[in-house]
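Novice: After the C-alpha cells below, expect a handful of questions from me.
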Amino acid sequence: MGEDIRLAAVVALAQGMAAAHGTRDAWRAAAAGACRALGGSFAALSVWERELGRLRVLVNVGDRAAGEEEFPDGEAYPVHQFPEITEFLHERWAGGGEPNAWVETAEGPAAGGRPGYVHQRVAALRRRGRGCCVVAPIVLNGRAWGELYVARPAGDPVFGREDADFATVLAAVVAAGIAQAERLEEARRLAFTDALTGLANRRAVDVRLDEAVERHRREGVVVSLVVCDLNGLKRVNDTCGHAVGDRLLERFGSVLSLCGAMLPGALAARLGGDEFCLLAVGPPADDVVRAAGELCRRAGELELGEGVACGVASTEDPIGPVRSARRLFRLADAAQYRAKAERAVKPVVAGRGGLDDPVVRLADAAPSGQSAERRRFRGRRP
C-alpha cells in the first residue's frame with residue numbers, strides 16, 4: 001500500500017471517530033476504519049479490564065464468524081490466555097519503548113510475534129477460518145487500555161512487518177479518538193446529571209419526556225410522570241445547616257432510585273431544590289402508582305425530613321389528550337401540589353378524582369408552560 005493511500009486511511013479513521021456520536025459509535029468507527037486501512041476482512045476492539053483480569057471485546061465488525069456479535073454482551077477472555085498484554089507489552093514500553101503491533105498466523109507467530117506465546121490466538125484463527133491477524137496494543141495515559149485486532153481470511157496474503165508497523169500507527173490514532181470520545185461522553189454525562197445526587201437533571205428529563213410524549217402520540221405507548229417535593233428541607237437547612245440538608249437530598253435521591261427500579265427503564269431525576277421526579281415509559285399506570293406509593297412510604301421513614309408530597313400523571317388515566325410534554329408535566333405538578341396542600345401520605349393521581357377531577361382542572365387552568373406549583377418554586381436554590 002502506497003504512503004499516500006495509508007495517509008488517507010489514517011485521516012479517514014480519525015475523521016470517522018471524530019464524527020461518532022457516543023463511545024459505541026467511536027468503537028465501531030475505530031474497528032471499521034482500521035479494518036479498511038489494513039485490508040482486513042474482520043476487526044475487533046477490546047478493552048483490558050484490570051480489576052476483572054480479562055480482555056473484553058467491545059465491538060466486532062466485518063465478516064463475523066458464528067457467535068460473534070457486533071456489540072457482544074459477554075465476549076471476554078482471561079488475560080492469562082493472552083499474557084502479552086500484561087507481560088510482554090509491559091516489558092516493551094515500561095522503560096520508554098513503543099508498544100509495537102505484531103502478526104499471528106494460523107500456523108503460528110510471524111512478523112515480530114513470539115513463539116509459544118499466544119496459543120489461544122492461533123487456535124481462534126483456525127476455528128474461525130482466518131489465516132492471520134495483526135494485533136496492536138492501545139495505550140492511554142501511558143497504560144495499556146486494550147487492543148486493536150484485524151484479521152484476514154485463510155488464503156489471503158499474510159500481514160507483513162510493514163502492516164504491523166502501520167497497525168501501530170493506527171492504534172495511536174485510535175487511542176487519541178477514544179480519549180476524545182470518552183471526554184465528550186463525560187461532558188454529556190455531566191450536562192445531564194445532577195451533581196449532588198448523581199440522578200438525572202431537569203435537562204435530561206425535558207429531553208426524555210419530549211421523546212416519550214412523541215412516542216405516545218405515534219404508537220400509543222403509556223407515559224407516566226411522578227413529581228415529588230421533599231417536605232421539611234427548609235427546616236433542616238435552617239436548623240441543621242445546608243450540609244445536613246444536602247445529605248437529606250442525597251438519601252432521598254437513593255430512595256427515589258430504588259423505587260424507580262421497580263419500573264423497567266424509568267428515569268429518576270432531581271429537578272432542582274427539593275423537587276424530584278420519575279419518568280416511566282411503558283409500564284402500566286397502576287405499576288407507576290404502586291412505585292410512587294412505595295416512595296412515599298420509604299420517604300416517611302427517613303430520619304430527617306417530613307416525608308414527601310407526590311403527584312402522578314399518566315396517559316393511561318382519564319386526563320384528556322396529552323399532545324405535549326408540558327401538559328403531562330402540569331398535570332403531575334398539579335397532583336403534587338394537591339398532595340402538598342392536603343399533607344397526603346400517599347400519591348395523588350391526576351384523573352382519578354371522577355369526571356370533574358380537581359387536579360385536571362387545576363392543571364388546565366394554570367398559565368401555559370407554568371403551573372401553580374412551578375411558580376411557587378421559582379427562585380429556589382438549585
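By order of appearance in the C-alpha cells: chains A, B, ..., then residues from 1 within every chain, and ligands from 1 in the order shown.
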Among the residues of segment 134-333 of chain A, find those DSSP assigns to strand (DSSP E or B) from the backbone and print them as JSON, numbers by chain.

Specialist: {"A": [134, 135, 136, 137, 138, 139, 140, 143, 144, 145, 146, 147, 148, 149, 150, 151, 152, 153, 193, 200, 223, 224, 225, 226, 227, 228, 229, 230, 267, 268, 269, 270, 271, 272, 275, 276, 277, 278, 279, 280, 281, 308, 309, 310, 311, 312, 313, 314]}

Novice: Give me, as CSV, the closest atom pair and its distance (Å, one decimal) for every residue of segment 137-227 of chain A within a cut-off of 10 Å of segment 48-58 of chain A, counting only C-alpha atoms, rows sorted by chain and rising number.

Specialist:
```
residue,atom,partner,partner_atom,distance
A:Ile138,CA,A:Trp48,CA,9.7
A:Ala144,CA,A:Trp48,CA,7.4
A:Trp145,CA,A:Trp48,CA,5.7
A:Gly146,CA,A:Trp48,CA,4.8
A:Glu147,CA,A:Trp48,CA,7.9
A:Leu148,CA,A:Val57,CA,10.0
```

Novice: So which one's closest to Ala179 of chain A, A:Met17, A:Leu302, A:Ala344, A:Leu199? Using only C-alpha atoms, please.

Specialist: A:Met17

Novice: Would you mind reading off the distance between atom CA of Val312 of chain A and atom CA of Cys259 of chain A, one decimal, in Å?

Specialist: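 Atom CA of Cys259 of chain A lies 14.1 Å from atom CA of Val312 of chain A.
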
Novice: Take atom CA of Arg152 of chain A and atom CA of Pro137 of chain A and report the distance between them in Å, one decimal.

Specialist: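 According to the coordinates, atom CA of Arg152 of chain A and atom CA of Pro137 of chain A are separated by 18.3 Å.
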
Novice: Which residue, A:Ala335, A:Val223, A:Ala30, A:Leu230, has the smallest gap to Pro284 of chain A when you use only C-alpha atoms?

Specialist: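 Selected residue with least distance to Pro284 of chain A: A:Val223.
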
Novice: Would you work out the distance separating atom CA of Leu196 of chain A from atom CA of Cys240 of chain A, expressed in Å to one decimal?

Specialist: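 Value for the atom CA of Leu196 of chain A-atom CA of Cys240 of chain A distance: 18.0 Å.
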
Novice: Just checking: using only C-alpha atoms, which residue out of A:Leu190, A:Val288, A:Cys228, A:Ala313 ends up closest to Phe276 of chain A?

Specialist: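 Using only C-alpha atoms, the shortest distance to Phe276 of chain A belongs to A:Cys228.
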
Novice: Show which residues sit within 8 Å of Arg323 of chain A, as a ChimeraX atom specification. Count only C-alpha atoms, and ignore same-chain residues fewer than 5 positions away.

Specialist: /A:213-214,217
